[in-house]
file target_29.txt (compact mmCIF, C-alpha atoms)
# COMPACT_ATOMS: atom_id res chain seq x y z
CA MET A 2 77.03 69.41 112.32
CA ARG A 3 80.38 67.74 111.48
CA GLU A 4 82.19 71.04 112.06
CA ALA A 5 80.42 71.47 115.41
CA LEU A 6 81.40 67.93 116.44
CA ILE A 7 85.04 68.53 115.54
CA ASP A 8 85.02 71.86 117.40
CA ALA A 9 83.50 70.27 120.49
CA THR A 10 85.98 67.41 120.40
CA MET A 11 88.85 69.83 119.89
CA MET A 12 87.79 71.75 122.99
CA LEU A 13 87.98 68.55 125.03
CA ILE A 14 91.34 67.64 123.49
CA CYS A 15 92.79 71.07 124.25
CA VAL A 16 92.09 70.58 127.94
CA HIS A 17 94.24 67.43 127.83
CA LEU A 18 96.95 68.62 125.46
CA ARG A 19 98.89 70.41 128.14
CA PRO A 20 99.64 67.33 130.27
CA ILE A 21 100.36 65.31 127.10
CA PHE A 22 103.11 67.65 126.05
CA MET A 23 104.41 68.30 129.53
CA PHE A 24 104.77 64.69 130.59
CA THR A 25 105.09 62.66 127.39
CA LEU A 26 107.45 64.92 125.43
CA SER A 27 110.64 66.39 126.73
CA LYS A 28 110.92 70.15 126.40
CA ARG A 29 113.64 69.72 123.78
CA ARG A 30 111.48 67.33 121.74
CA PHE A 31 108.48 69.64 121.89
CA VAL A 32 110.50 72.63 120.77
CA GLN A 33 111.87 70.55 117.91
CA LEU A 34 108.42 69.48 116.78
CA ALA A 35 106.82 72.88 117.19
CA GLY A 36 109.67 74.95 115.84
CA LEU A 37 110.85 72.88 112.90
CA THR A 38 107.57 71.71 111.46
CA ILE A 39 104.65 73.72 112.73
CA ALA A 40 105.61 76.98 111.06
CA ASN A 41 104.59 75.42 107.74
CA ARG A 42 101.05 75.53 109.03
CA ILE A 43 100.96 78.91 110.68
CA LEU A 44 102.71 81.18 108.18
CA PRO A 45 102.32 81.33 104.41
CA ASN A 46 105.16 80.40 102.10
CA TRP A 47 105.83 83.97 101.03
CA LEU A 48 107.51 84.56 104.40
CA TRP A 49 109.92 81.66 104.12
CA ALA A 50 112.24 83.11 101.54
CA ARG A 51 112.52 86.69 102.74
CA PRO A 52 114.78 87.70 105.64
CA PHE A 53 113.21 89.43 108.59
CA SER A 54 113.84 93.12 109.13
CA PRO A 55 112.51 95.01 112.16
CA PRO A 56 109.43 97.14 111.49
CA GLU A 57 109.93 100.86 111.14
CA ASP A 58 108.09 103.28 113.38
CA SER A 59 105.50 104.46 110.88
CA GLY A 60 102.92 106.29 112.98
CA ARG A 61 99.34 105.36 113.87
CA LYS A 62 98.36 101.70 114.09
CA VAL A 63 94.90 100.17 113.99
CA ILE A 64 93.73 96.84 115.41
CA ILE A 65 90.16 95.75 114.71
CA VAL A 66 88.73 92.99 116.89
CA THR A 67 85.52 91.24 115.99
CA PHE A 68 84.06 90.09 119.30
CA GLY A 69 83.03 87.26 117.12
CA GLY A 70 80.60 84.51 116.55
CA GLY A 71 77.52 86.58 117.26
CA VAL A 72 76.68 88.12 120.64
CA ARG A 73 73.66 90.05 121.87
CA TYR A 74 73.41 93.23 123.88
CA SER A 75 71.53 91.31 126.55
CA GLU A 76 74.61 89.20 127.38
CA THR A 77 77.14 92.03 127.14
CA PHE A 78 76.47 95.73 127.75
CA SER A 79 72.97 95.45 129.19
CA PRO A 80 72.87 95.88 132.98
CA GLU A 81 72.32 92.15 133.44
CA GLY A 82 75.03 91.24 130.92
CA LEU A 83 77.93 93.19 132.40
CA LYS A 84 78.87 90.32 134.70
CA ASN A 85 79.85 88.34 131.58
CA ILE A 86 82.33 90.96 130.34
CA PRO A 87 84.39 92.28 133.27
CA GLN A 88 87.33 93.26 131.04
CA LEU A 89 85.25 95.11 128.46
CA ALA A 90 83.39 96.86 131.26
CA LYS A 91 86.74 98.01 132.64
CA MET A 92 87.93 99.08 129.18
CA ARG A 93 84.72 101.06 128.66
CA ALA A 94 85.81 103.37 131.47
CA GLU A 95 88.59 104.69 129.20
CA ALA A 96 86.88 104.17 125.84
CA LEU A 97 84.57 105.99 123.49
CA PHE A 98 81.48 103.79 123.54
CA PHE A 99 79.01 103.73 120.68
CA LYS A 100 75.74 102.34 121.97
CA SER A 101 74.27 101.68 118.54
CA CYS A 102 76.34 100.05 115.78
CA THR A 103 74.12 98.51 113.12
CA ASN A 104 74.70 95.57 110.83
CA ALA A 105 72.31 96.28 107.94
CA GLY A 106 73.75 93.57 105.71
CA VAL A 107 73.66 89.80 105.35
CA LEU A 108 73.69 88.14 108.77
CA SER A 109 76.43 85.60 108.12
CA HIS A 110 79.88 85.64 109.67
CA PHE A 111 81.83 86.06 106.46
CA ASN A 112 79.61 88.72 104.90
CA SER A 113 79.32 90.65 108.15
CA THR A 114 83.08 90.73 108.73
CA ALA A 115 83.79 91.44 105.06
CA SER A 116 81.43 94.42 105.29
CA ILE A 117 83.44 95.73 108.24
CA ILE A 118 86.77 95.57 106.39
CA THR A 119 85.54 96.76 102.96
CA GLY A 120 83.18 99.58 103.91
CA ASN A 121 80.49 98.11 101.66
CA TRP A 122 77.72 95.66 102.49
CA GLN A 123 78.84 92.32 101.11
CA ARG A 124 76.61 89.65 99.58
CA VAL A 125 79.00 86.90 98.56
CA ASP A 126 79.15 83.24 99.54
CA ASP A 127 78.37 82.87 103.23
CA PHE A 128 81.17 80.36 103.80
CA GLY A 129 84.11 82.21 102.32
CA PHE A 130 84.35 80.42 98.98
CA GLN A 131 84.33 83.85 97.33
CA PRO A 132 86.46 86.81 98.40
CA PRO A 133 84.84 90.13 99.21
CA ALA A 134 83.45 91.87 96.12
CA SER A 135 85.07 95.19 97.08
CA PRO A 136 88.67 96.09 97.93
CA THR A 137 89.53 95.66 101.59
CA LEU A 138 91.09 98.10 104.00
CA PHE A 139 94.31 96.08 103.69
CA GLU A 140 94.49 96.73 99.96
CA TYR A 141 93.88 100.46 100.32
CA TYR A 142 96.58 100.64 102.96
CA ARG A 143 99.23 98.54 101.25
CA LYS A 144 98.77 99.92 97.74
CA GLN A 145 98.96 103.55 98.83
CA THR A 146 101.81 103.17 101.31
CA GLY A 147 103.87 100.57 99.45
CA VAL A 148 104.39 98.40 102.54
CA GLY A 149 104.75 94.63 102.30
CA PRO A 150 102.39 91.94 103.62
CA LEU A 151 104.20 91.82 106.96
CA ASP A 152 102.44 95.09 107.80
CA ALA A 153 98.85 93.84 107.35
CA TRP A 154 97.42 90.69 108.94
CA VAL A 155 94.16 88.79 109.39
CA ILE A 156 94.37 86.29 112.25
CA ALA A 157 91.09 84.41 112.45
CA THR A 158 89.58 81.58 114.42
CA ASN A 159 86.86 81.10 111.81
CA LYS A 160 88.30 78.67 109.26
CA SER A 161 86.12 80.07 106.45
CA PHE A 162 88.02 83.38 106.53
CA SER A 163 90.84 82.27 104.22
CA THR A 164 89.75 84.78 101.54
CA MET A 165 89.22 87.70 103.93
CA GLY A 166 92.54 89.37 103.18
CA ALA A 167 91.76 90.74 99.71
CA GLY A 168 88.81 91.47 97.46
CA SER A 169 88.13 90.24 93.95
CA GLU A 170 88.63 93.48 91.99
CA ARG A 171 91.42 92.92 89.49
CA GLU A 172 93.32 96.17 90.00
CA TRP A 173 93.58 95.44 93.71
CA GLY A 174 93.49 91.87 95.02
CA LEU A 175 96.12 89.57 96.53
CA PRO A 176 99.24 91.58 95.58
CA PHE A 177 98.00 94.22 98.04
CA GLY A 178 96.15 91.97 100.47
CA ALA A 179 96.78 90.93 104.05
CA ASN A 180 98.54 87.83 105.27
CA VAL A 181 95.75 85.53 106.47
CA VAL A 182 96.44 82.84 109.07
CA LEU A 183 93.92 80.46 110.61
CA PRO A 184 95.60 79.01 113.73
CA LYS A 185 92.66 76.88 114.82
CA GLN A 186 92.90 74.87 111.63
CA LEU A 187 95.99 73.10 112.99
CA LEU A 188 94.03 71.65 115.90
CA LEU A 189 91.02 70.83 113.74
CA GLU A 190 93.24 68.88 111.36
CA ALA A 191 94.71 66.86 114.23
CA VAL A 192 91.35 65.98 115.76
CA ASP A 193 89.81 65.24 112.36
CA ASP A 194 92.64 62.82 111.55
CA VAL A 195 92.18 61.00 114.83
CA VAL A 196 88.44 60.59 114.23
CA LYS A 197 88.87 59.42 110.62
CA LYS A 198 91.97 57.23 110.87
CA ASN A 199 91.58 55.62 114.29
CA PRO A 200 87.87 55.38 115.07
CA GLN A 201 88.39 52.36 117.33
CA HIS A 202 90.55 54.43 119.70
CA GLY A 203 89.08 57.88 119.09
CA VAL A 204 90.16 61.00 120.88
CA ALA A 205 89.96 59.52 124.37
CA ASN A 206 93.34 57.85 123.89
CA ARG A 207 95.96 60.51 124.55
CA ASP A 208 98.78 58.56 122.93
CA ASN A 209 96.68 58.21 119.81
CA VAL A 210 96.03 61.95 119.71
CA LEU A 211 99.70 62.69 120.26
CA HIS A 212 100.65 60.32 117.46
CA GLN A 213 98.31 62.04 115.04
CA LEU A 214 99.62 65.45 116.03
CA GLU A 215 103.18 64.29 115.34
CA VAL A 216 102.16 62.84 111.99
CA ILE A 217 100.58 66.11 110.93
CA LEU A 218 103.47 68.18 112.23
CA ASN A 219 106.01 66.08 110.38
CA GLU A 220 104.14 65.67 107.10
CA GLY A 221 103.46 69.29 106.27
CA TYR A 222 100.65 70.09 103.84
CA GLU A 223 99.24 72.70 101.46
CA GLY A 224 95.78 74.10 101.15
CA VAL A 225 94.82 74.81 104.77
CA GLY A 226 93.80 78.34 103.94
CA TRP A 227 96.91 80.46 104.23
CA THR A 228 97.22 83.34 101.81
CA ILE A 229 100.39 82.66 99.82
CA PHE A 230 102.12 85.57 98.12
CA LYS A 231 105.47 84.02 97.20
CA ALA A 232 107.00 80.55 97.12
CA GLY A 233 110.01 79.46 99.10
CA ARG A 234 111.42 76.57 101.10
CA GLN A 235 113.84 78.13 103.61
CA LEU A 236 112.23 79.00 106.92
CA ASP A 237 113.47 82.29 108.32
CA HIS A 238 114.98 81.85 111.78
CA HIS A 239 113.08 84.82 113.24
CA VAL A 240 109.76 83.50 111.94
CA HIS A 241 110.63 80.07 113.31
CA ASN A 242 111.18 81.46 116.80
CA THR A 243 108.06 83.62 116.66
CA LEU A 244 105.76 80.69 115.98
CA THR A 245 107.53 78.42 118.43
CA ARG A 246 106.91 80.90 121.24
CA GLY A 247 103.26 81.28 120.27
CA LEU A 248 102.65 77.56 120.25
CA ILE A 249 104.54 76.80 123.44
CA GLY A 250 102.68 79.64 125.14
CA PHE A 251 99.41 78.08 124.02
CA ILE A 252 100.22 74.51 125.04
CA ASN A 253 102.28 75.13 128.18
CA GLY A 254 100.84 78.42 129.40
CA PRO A 255 99.73 79.01 132.99
CA GLU A 256 96.17 78.00 132.08
CA ALA A 257 95.23 74.86 130.17
CA PRO A 258 94.05 75.95 126.70
CA THR A 259 90.40 75.29 125.94
CA SER A 260 89.59 76.95 122.62
CA GLY A 261 90.66 78.07 119.19
CA ASP A 262 90.29 81.70 120.24
CA GLU A 263 93.08 81.25 122.76
CA LEU A 264 95.43 80.02 120.05
CA THR A 265 94.37 82.98 117.88
CA PHE A 266 95.33 85.32 120.72
CA PHE A 267 98.75 83.72 121.27
CA ILE A 268 99.62 83.90 117.57
CA THR A 269 98.37 87.51 117.39
CA ARG A 270 100.54 88.51 120.31
CA GLU A 271 103.67 86.97 118.81
CA VAL A 272 102.99 88.63 115.44
CA MET A 273 102.65 91.96 117.22
CA ARG A 274 105.86 91.49 119.17
CA GLU A 275 108.01 90.39 116.26
CA PHE A 276 106.62 92.18 113.21
CA GLY A 277 104.79 95.18 114.69
CA PRO A 278 102.26 95.50 111.84
CA ARG A 279 100.25 98.69 111.57
CA LEU A 280 97.00 97.00 110.59
CA ILE A 281 95.54 93.80 112.09
CA LEU A 282 92.11 92.21 112.03
CA VAL A 283 91.65 89.73 114.89
CA ASN A 284 88.65 87.45 114.56
CA PHE A 285 87.47 85.71 117.72
CA TRP A 286 84.67 83.23 117.11
CA ASP A 287 84.06 80.98 120.11
CA MET A 288 80.64 82.48 120.82
CA ASP A 289 79.18 80.71 117.80
CA VAL A 290 79.09 77.68 120.09
CA ALA A 291 75.57 78.99 120.73
CA HIS A 292 74.45 77.01 117.67
CA TRP A 293 74.92 73.86 119.74
CA GLY A 294 72.06 74.97 121.95
CA SER A 295 73.93 75.34 125.24
CA TYR A 296 73.37 78.73 126.84
CA SER A 297 76.02 78.04 129.48
CA LEU A 298 78.69 77.36 126.81
CA TYR A 299 77.66 80.53 125.03
CA LEU A 300 78.14 82.55 128.23
CA GLN A 301 81.48 80.86 128.90
CA ALA A 302 82.64 81.79 125.41
CA ILE A 303 81.64 85.42 125.96
CA THR A 304 83.65 85.59 129.17
CA ARG A 305 86.64 83.87 127.56
CA THR A 306 86.62 86.27 124.60
CA ASP A 307 86.27 89.15 127.02
CA ARG A 308 89.38 87.94 128.86
CA LEU A 309 91.36 87.57 125.63
CA THR A 310 90.32 91.03 124.44
CA GLY A 311 91.49 92.44 127.76
CA MET A 312 94.82 90.65 127.37
CA LEU A 313 95.17 92.09 123.86
CA TRP A 314 94.54 95.58 125.22
CA GLU A 315 97.20 95.04 127.87
CA GLU A 316 99.63 93.97 125.15
CA ILE A 317 98.87 97.15 123.22
CA ARG A 318 99.50 99.29 126.29
CA SER A 319 102.77 97.58 127.22
CA ASN A 320 104.31 96.83 123.82
CA PRO A 321 106.60 99.72 122.72
CA ASN A 322 105.60 99.11 119.10
CA TYR A 323 101.98 99.89 119.97
CA LYS A 324 101.85 101.94 123.15
CA ASP A 325 100.40 105.45 122.65
CA LYS A 326 100.11 105.01 118.88
CA THR A 327 97.36 102.41 118.44
CA THR A 328 93.61 102.74 118.05
CA LEU A 329 91.71 99.60 119.05
CA LEU A 330 88.21 99.07 117.63
CA VAL A 331 86.14 96.26 119.19
CA LEU A 332 82.72 95.28 117.86
CA PRO A 333 80.61 92.16 117.32
CA GLU A 334 80.18 91.32 113.64
CA LEU A 335 76.54 90.52 114.39
CA GLY A 336 74.13 89.81 117.22
CA ARG A 337 71.84 86.84 117.74
CA ASP A 338 68.08 86.34 117.57
CA GLY A 339 66.03 87.81 120.37
CA ASP A 340 64.24 85.65 122.91
CA LEU A 341 60.92 87.40 122.28
CA ASN A 342 60.99 86.59 118.57
CA THR A 343 58.60 83.65 118.29
CA SER A 344 59.74 82.83 114.74
CA SER A 345 63.36 82.21 115.79
CA ASN A 346 65.25 80.05 118.27
CA GLY A 347 66.61 82.88 120.37
CA PHE A 348 70.33 82.86 121.11
CA LEU A 349 70.92 79.74 118.96
CA ASN A 350 70.82 81.60 115.63
CA HIS A 351 71.38 84.95 113.95
CA ARG A 352 69.04 84.95 110.98
CA SER A 353 65.80 86.67 112.00
CA GLY A 354 66.99 90.20 111.25
CA ASP A 355 65.38 91.53 114.41
CA PRO A 356 67.03 94.34 116.44
CA SER A 357 68.80 91.81 118.65
CA CYS A 358 70.56 90.50 115.52
CA ARG A 359 71.40 93.82 113.93
CA ASN A 360 72.00 96.32 116.72
CA VAL A 361 75.28 95.84 118.57
CA TRP A 362 77.97 98.20 119.94
CA LEU A 363 81.48 99.47 119.26
CA LEU A 364 84.31 100.33 121.65
CA ALA A 365 87.07 102.66 120.49
CA LEU A 366 90.09 103.23 122.70
CA GLY A 367 93.77 103.97 122.51
CA ALA A 368 95.81 106.80 121.06
CA GLY A 369 94.00 110.10 121.34
CA ILE A 370 90.69 108.57 122.45
CA THR A 371 89.05 109.94 125.59
CA ARG A 372 86.22 108.45 127.57
CA GLY A 373 82.70 109.08 126.38
CA GLU A 374 79.46 107.60 125.15
CA THR A 375 77.16 108.46 122.31
CA ASP A 376 73.70 107.43 121.17
CA ARG A 377 74.41 108.51 117.59
CA PRO A 378 73.89 105.47 115.37
CA ILE A 379 76.84 104.22 113.34
CA GLN A 380 77.17 101.21 111.04
CA HIS A 381 79.60 98.38 110.51
CA VAL A 382 80.60 99.77 107.12
CA ASP A 383 81.83 102.95 108.82
CA VAL A 384 84.82 101.10 110.28
CA THR A 385 86.89 100.95 107.07
CA ALA A 386 86.50 104.66 106.30
CA THR A 387 87.47 105.47 109.88
CA ALA A 388 90.47 103.15 110.03
CA ALA A 389 91.70 104.37 106.64
CA ALA A 390 91.61 107.97 107.86
CA LEU A 391 93.55 106.97 110.99
CA LEU A 392 96.18 105.31 108.80
CA GLY A 393 96.35 108.29 106.46
CA VAL A 394 95.06 106.54 103.35
CA LYS A 395 92.03 107.04 101.12
CA THR A 396 89.35 104.52 100.28
CA GLY A 397 87.58 103.94 97.00
CA ALA A 398 83.80 104.07 96.69
CA VAL A 399 82.48 102.89 100.06
CA SER A 400 79.07 103.07 101.68
CA GLY A 401 80.44 103.84 105.11
CA LYS A 402 81.31 107.24 106.51
CA PRO A 403 84.23 108.16 108.76
CA ILE A 404 83.17 108.17 112.41
CA ARG A 405 83.77 111.80 113.27
CA GLU A 406 83.85 111.28 117.04
CA ILE A 407 86.85 108.98 116.70
CA LEU A 408 88.68 111.09 114.15
CA ASN A 409 88.12 114.35 116.01
CA GLN A 410 89.60 112.86 119.18
CA ALA A 411 92.44 110.98 117.49
CA ALA A 412 93.59 113.92 115.34
call {"tool": "encode", "arguments": {"input": "target_29.txt", "output": "structure tokens"}}
result
Amino acid sequence: MREALIDATMMLICVHLRPIFMFTLSKRRFVQLAGLTIANRILPNWLWARPFSPPEDSGRKVIIVTFGGGVRYSETFSPEGLKNIPQLAKMRAEALFFKSCTNAGVLSHFNSTASIITGNWQRVDDFGFQPPASPTLFEYYRKQTGVGPLDAWVIATNKSFSTMGAGSEREWGLPFGANVVLPKQLLLEAVDDVVKKNPQHGVANRDNVLHQLEVILNEGYEGVGWTIFKAGRQLDHHVHNTLTRGLIGFINGPEAPTSGDELTFFITREVMREFGPRLILVNFWDMDVAHWGSYSLYLQAITRTDRLTGMLWEEIRSNPNYKDKTTLLVLPELGRDGDLNTSSNGFLNHRSGDPSCRNVWLLALGAGITRGETDRPIQHVDVTATAAALLGVKTGAVSGKPIREILNQAA
């Protein structure tokens, strides 16, 4: 409940952040705050000490997007749901669409997503206090290719995903894991500080919110969930500029920001433009607002995530680092309870295990993929085996199977 309250408050604050920064701070002051202090919170320390070098053109790239937070067929690719996803509907016209993608595992966000990126059904702590029990796709890729952490990223709205970048097996683990960043945590920290330290003013006072943001930006802190590979204190100039652009784009973009997913998109786009990694997991999560019980907010979140996914696809098609060499895989990590299930609360939850919870869809598009649809059932755990084959690496013992329709087209 506390997390939901902070999220709701943050959404209201985001709507007002844009005028705060535009009219209270000069552009020079904002750039100074964002550029000189915020990078501590967005990137892990292992990046600080190493100079930036442009990525090499190393062949096929894979971006996995969890259309996240839990979404049902009825609000997406059913005939009545298409109005909520205009961008995905447009993308489907050039995609390979799998009508049946099954989550046969634990119906929690962490376990469901961990199953997608390990190829094995995961049954660890639901809130991310334990890493996946199996090696991740990132570890297979980095260990076999020898690339550094700049080439594998997890960018997640869900703050419990701090351990998503690497599994717990000793011979694999963090030395071969992904860089994990949780952009929304910055805004949560700011709002949380306002609520705790200034309850008499609260978040309605814009100056109070701005003050708390400046305090957090200037203090710097550890332990917000970044994966840290190496220590260092000198911020690389290229990294500094990358994060500054992402943050200014979020705060002062053409549309007032309203969610953590939007910040996740802006940071993802800047990472793509500057580092060109071959493997990225993007976790959108706004749809989990359904737990609050508002169907209209749930639908708004679906449409917003649809828009952001469409913008990500446009970035892939226009960015020279990704154009004509990237396979994009989009799937919900889980569904939500069905309305006809009398033992559940419908769209509010995702715990009944009924078909509405477990049966979702997958869109594959990009390099070598031609339009088509198939009724052949696939599973979430098939994604890792498929992505590994696209990247030219082998997996260990996984439950999933390579999706032949994707590999045959993308060969």
call {"tool": "residues_around", "arguments": {"input": "target_29.txt", "residues": "A:Val155", "least_positions_apart": "4", "cutoff": "12 Å", "atoms": "only C-alpha atoms", "output": "PDB file with C-alpha atoms, keeping the file's coordinate frame"}}
result
ATOM      1  CA  LEU A  44     102.710  81.180 108.180  1.00  0.00           C
ATOM      2  CA  ILE A  64      93.730  96.840 115.410  1.00  0.00           C
ATOM      3  CA  ILE A  65      90.160  95.750 114.710  1.00  0.00           C
ATOM      4  CA  VAL A  66      88.730  92.990 116.890  1.00  0.00           C
ATOM      5  CA  THR A  67      85.520  91.240 115.990  1.00  0.00           C
ATOM      6  CA  THR A 114      83.080  90.730 108.730  1.00  0.00           C
ATOM      7  CA  ALA A 115      83.790  91.440 105.060  1.00  0.00           C
ATOM      8  CA  ILE A 118      86.770  95.570 106.390  1.00  0.00           C
ATOM      9  CA  THR A 137      89.530  95.660 101.590  1.00  0.00           C
ATOM     10  CA  LEU A 138      91.090  98.100 104.000  1.00  0.00           C
ATOM     11  CA  PHE A 139      94.310  96.080 103.690  1.00  0.00           C
ATOM     12  CA  PRO A 150     102.390  91.940 103.620  1.00  0.00           C
ATOM     13  CA  LEU A 151     104.200  91.820 106.960  1.00  0.00           C
ATOM     14  CA  ASN A 159      86.860  81.100 111.810  1.00  0.00           C
ATOM     15  CA  LYS A 160      88.300  78.670 109.260  1.00  0.00           C
ATOM     16  CA  PHE A 162      88.020  83.380 106.530  1.00  0.00           C
ATOM     17  CA  SER A 163      90.840  82.270 104.220  1.00  0.00           C
ATOM     18  CA  THR A 164      89.750  84.780 101.540  1.00  0.00           C
ATOM     19  CA  MET A 165      89.220  87.700 103.930  1.00  0.00           C
ATOM     20  CA  GLY A 166      92.540  89.370 103.180  1.00  0.00           C
ATOM     21  CA  ALA A 167      91.760  90.740  99.710  1.00  0.00           C
ATOM     22  CA  GLY A 178      96.150  91.970 100.470  1.00  0.00           C
ATOM     23  CA  ALA A 179      96.780  90.930 104.050  1.00  0.00           C
ATOM     24  CA  ASN A 180      98.540  87.830 105.270  1.00  0.00           C
ATOM     25  CA  VAL A 181      95.750  85.530 106.470  1.00  0.00           C
ATOM     26  CA  VAL A 182      96.440  82.840 109.070  1.00  0.00           C
ATOM     27  CA  LEU A 183      93.920  80.460 110.610  1.00  0.00           C
ATOM     28  CA  PRO A 184      95.600  79.010 113.730  1.00  0.00           C
ATOM     29  CA  GLY A 226      93.800  78.340 103.940  1.00  0.00           C
ATOM     30  CA  TRP A 227      96.910  80.460 104.230  1.00  0.00           C
ATOM     31  CA  THR A 228      97.220  83.340 101.810  1.00  0.00           C
ATOM     32  CA  THR A 265      94.370  82.980 117.880  1.00  0.00           C
ATOM     33  CA  PHE A 266      95.330  85.320 120.720  1.00  0.00           C
ATOM     34  CA  ILE A 268      99.620  83.900 117.570  1.00  0.00           C
ATOM     35  CA  THR A 269      98.370  87.510 117.390  1.00  0.00           C
ATOM     36  CA  VAL A 272     102.990  88.630 115.440  1.00  0.00           C
ATOM     37  CA  MET A 273     102.650  91.960 117.220  1.00  0.00           C
ATOM     38  CA  PRO A 278     102.260  95.500 111.840  1.00  0.00           C
ATOM     39  CA  ARG A 279     100.250  98.690 111.570  1.00  0.00           C
ATOM     40  CA  LEU A 280      97.000  97.000 110.590  1.00  0.00           C
ATOM     41  CA  ILE A 281      95.540  93.800 112.090  1.00  0.00           C
ATOM     42  CA  LEU A 282      92.110  92.210 112.030  1.00  0.00           C
ATOM     43  CA  VAL A 283      91.650  89.730 114.890  1.00  0.00           C
ATOM     44  CA  ASN A 284      88.650  87.450 114.560  1.00  0.00           C
ATOM     45  CA  PHE A 285      87.470  85.710 117.720  1.00  0.00           C
TER      46      PHE A 285
END
call {"tool": "closest_residue", "arguments": {"input": "target_29.txt", "among": "A:Gly311, A:Gly277, A:Gly106, A:Gly339", "to": "A:Tyr74", "atoms": "all atoms listed in the file"}}
result
A:Gly339
call {"tool": "closest_residue", "arguments": {"input": "target_29.txt", "among": "A:Met288, A:Leu392, A:Leu332, A:Ile404", "to": "A:Pro378", "atoms": "all atoms listed in the file"}}
result
A:Ile404
call {"tool": "residues_near_point", "arguments": {"input": "target_29.txt", "point": "(85.5, 104.3, 100.0)", "cutoff": "9 Å", "atoms": "all atoms listed in the file", "output": "list in words"}}
result
Thr119, Gly120, Asn121, Thr385, Ala386, Lys395, Thr396, Gly397, Ala398, Val399, Ser400, Gly401 and Lys402 of chain A
call {"tool": "write_last_selection", "arguments": {"input": "target_29.txt", "atoms": "C-alpha atoms", "output": "mmCIF file, in the frame of the given file"}}
result
data_model
loop_
_atom_site.group_PDB
_atom_site.id
_atom_site.type_symbol
_atom_site.label_atom_id
_atom_site.label_comp_id
_atom_site.auth_asym_id
_atom_site.auth_seq_id
_atom_site.Cartn_x
_atom_site.Cartn_y
_atom_site.Cartn_z
ATOM 1 C CA THR A 119 85.540 96.760 102.960
ATOM 2 C CA GLY A 120 83.180 99.580 103.910
ATOM 3 C CA ASN A 121 80.490 98.110 101.660
ATOM 4 C CA THR A 385 86.890 100.950 107.070
ATOM 5 C CA ALA A 386 86.500 104.660 106.300
ATOM 6 C CA LYS A 395 92.030 107.040 101.120
ATOM 7 C CA THR A 396 89.350 104.520 100.280
ATOM 8 C CA GLY A 397 87.580 103.940 97.000
ATOM 9 C CA ALA A 398 83.800 104.070 96.690
ATOM 10 C CA VAL A 399 82.480 102.890 100.060
ATOM 11 C CA SER A 400 79.070 103.070 101.680
ATOM 12 C CA GLY A 401 80.440 103.840 105.110
ATOM 13 C CA LYS A 402 81.310 107.240 106.510
#
call {"tool": "closest_residue", "arguments": {"input": "target_29.txt", "among": "A:Ala105, A:Val148, A:Cys358, A:Ile303", "to": "A:Thr77", "atoms": "all atoms listed in the file"}}
result
A:Ile303
call {"tool": "closest_residue", "arguments": {"input": "target_29.txt", "among": "A:Phe276, A:Phe267, A:Phe348, A:Phe98", "to": "A:Leu300", "atoms": "only C-alpha atoms"}}
result
A:Phe348
call {"tool": "residues_around", "arguments": {"input": "target_29.txt", "residues": "A:Leu97", "least_positions_apart": "5", "cutoff": "9 Å", "atoms": "only C-alpha atoms", "output": "list in words"}}
result
Leu363, Leu364, Ala365, Leu366, Ile370, Thr371, Arg372, Gly373, Glu374, Thr375, Glu406 and Ile407 of chain A
call {"tool": "atom_distance", "arguments": {"input": "target_29.txt", "atom1": "atom CA of A:Ile379", "atom2": "atom CA of A:Phe99"}}
result
7.7 Å
call {"tool": "residues_around", "arguments": {"input": "target_29.txt", "residues": "A:Arg337", "least_positions_apart": "4", "cutoff": "6 Å", "atoms": "all atoms listed in the file", "output": "PDB file with C-alpha atoms, keeping the file's coordinate frame"}}
result
ATOM      1  CA  GLY A  71      77.520  86.580 117.260  1.00  0.00           C
ATOM      2  CA  VAL A  72      76.680  88.120 120.640  1.00  0.00           C
ATOM      3  CA  ARG A  73      73.660  90.050 121.870  1.00  0.00           C
ATOM      4  CA  PHE A 348      70.330  82.860 121.110  1.00  0.00           C
ATOM      5  CA  ASN A 350      70.820  81.600 115.630  1.00  0.00           C
ATOM      6  CA  HIS A 351      71.380  84.950 113.950  1.00  0.00           C
ATOM      7  CA  SER A 357      68.800  91.810 118.650  1.00  0.00           C
ATOM      8  CA  CYS A 358      70.560  90.500 115.520  1.00  0.00           C
TER       9      CYS A 358
END
call {"tool": "closest_residue", "arguments": {"input": "target_29.txt", "among": "A:Leu335, A:Cys102, A:Leu349, A:Ala96", "to": "A:Leu298", "atoms": "only C-alpha atoms"}}
result
A:Leu349
call {"tool": "atom_distance", "arguments": {"input": "target_29.txt", "atom1": "atom CA of A:Phe111", "atom2": "atom CA of A:Val290"}}
result
16.2 Å
call {"tool": "closest_residue", "arguments": {"input": "target_29.txt", "among": "A:Tyr142, A:Gln186, A:Ser116, A:Gln131", "to": "A:Glu170", "atoms": "all atoms listed in the file"}}
result
A:Gln131
call {"tool": "atom_distance", "arguments": {"input": "target_29.txt", "atom1": "atom CA of A:Ser101", "atom2": "atom CA of A:Trp362"}}
result
5.3 Å
call {"tool": "residues_around", "arguments": {"input": "target_29.txt", "residues": "A:Ser161", "least_positions_apart": "6", "cutoff": "8 Å", "atoms": "all atoms listed in the file", "output": "PyMOL selection string"}}
result
chain A and resi 111+128-130
call {"tool": "write_last_selection", "arguments": {"input": "target_29.txt", "atoms": "C-alpha atoms", "output": "mmCIF file, keeping the file's coordinate frame"}}
result
data_model
loop_
_atom_site.group_PDB
_atom_site.id
_atom_site.type_symbol
_atom_site.label_atom_id
_atom_site.label_comp_id
_atom_site.auth_asym_id
_atom_site.auth_seq_id
_atom_site.Cartn_x
_atom_site.Cartn_y
_atom_site.Cartn_z
ATOM 1 C CA PHE A 111 81.830 86.060 106.460
ATOM 2 C CA PHE A 128 81.170 80.360 103.800
ATOM 3 C CA GLY A 129 84.110 82.210 102.320
ATOM 4 C CA PHE A 130 84.350 80.420 98.980
#
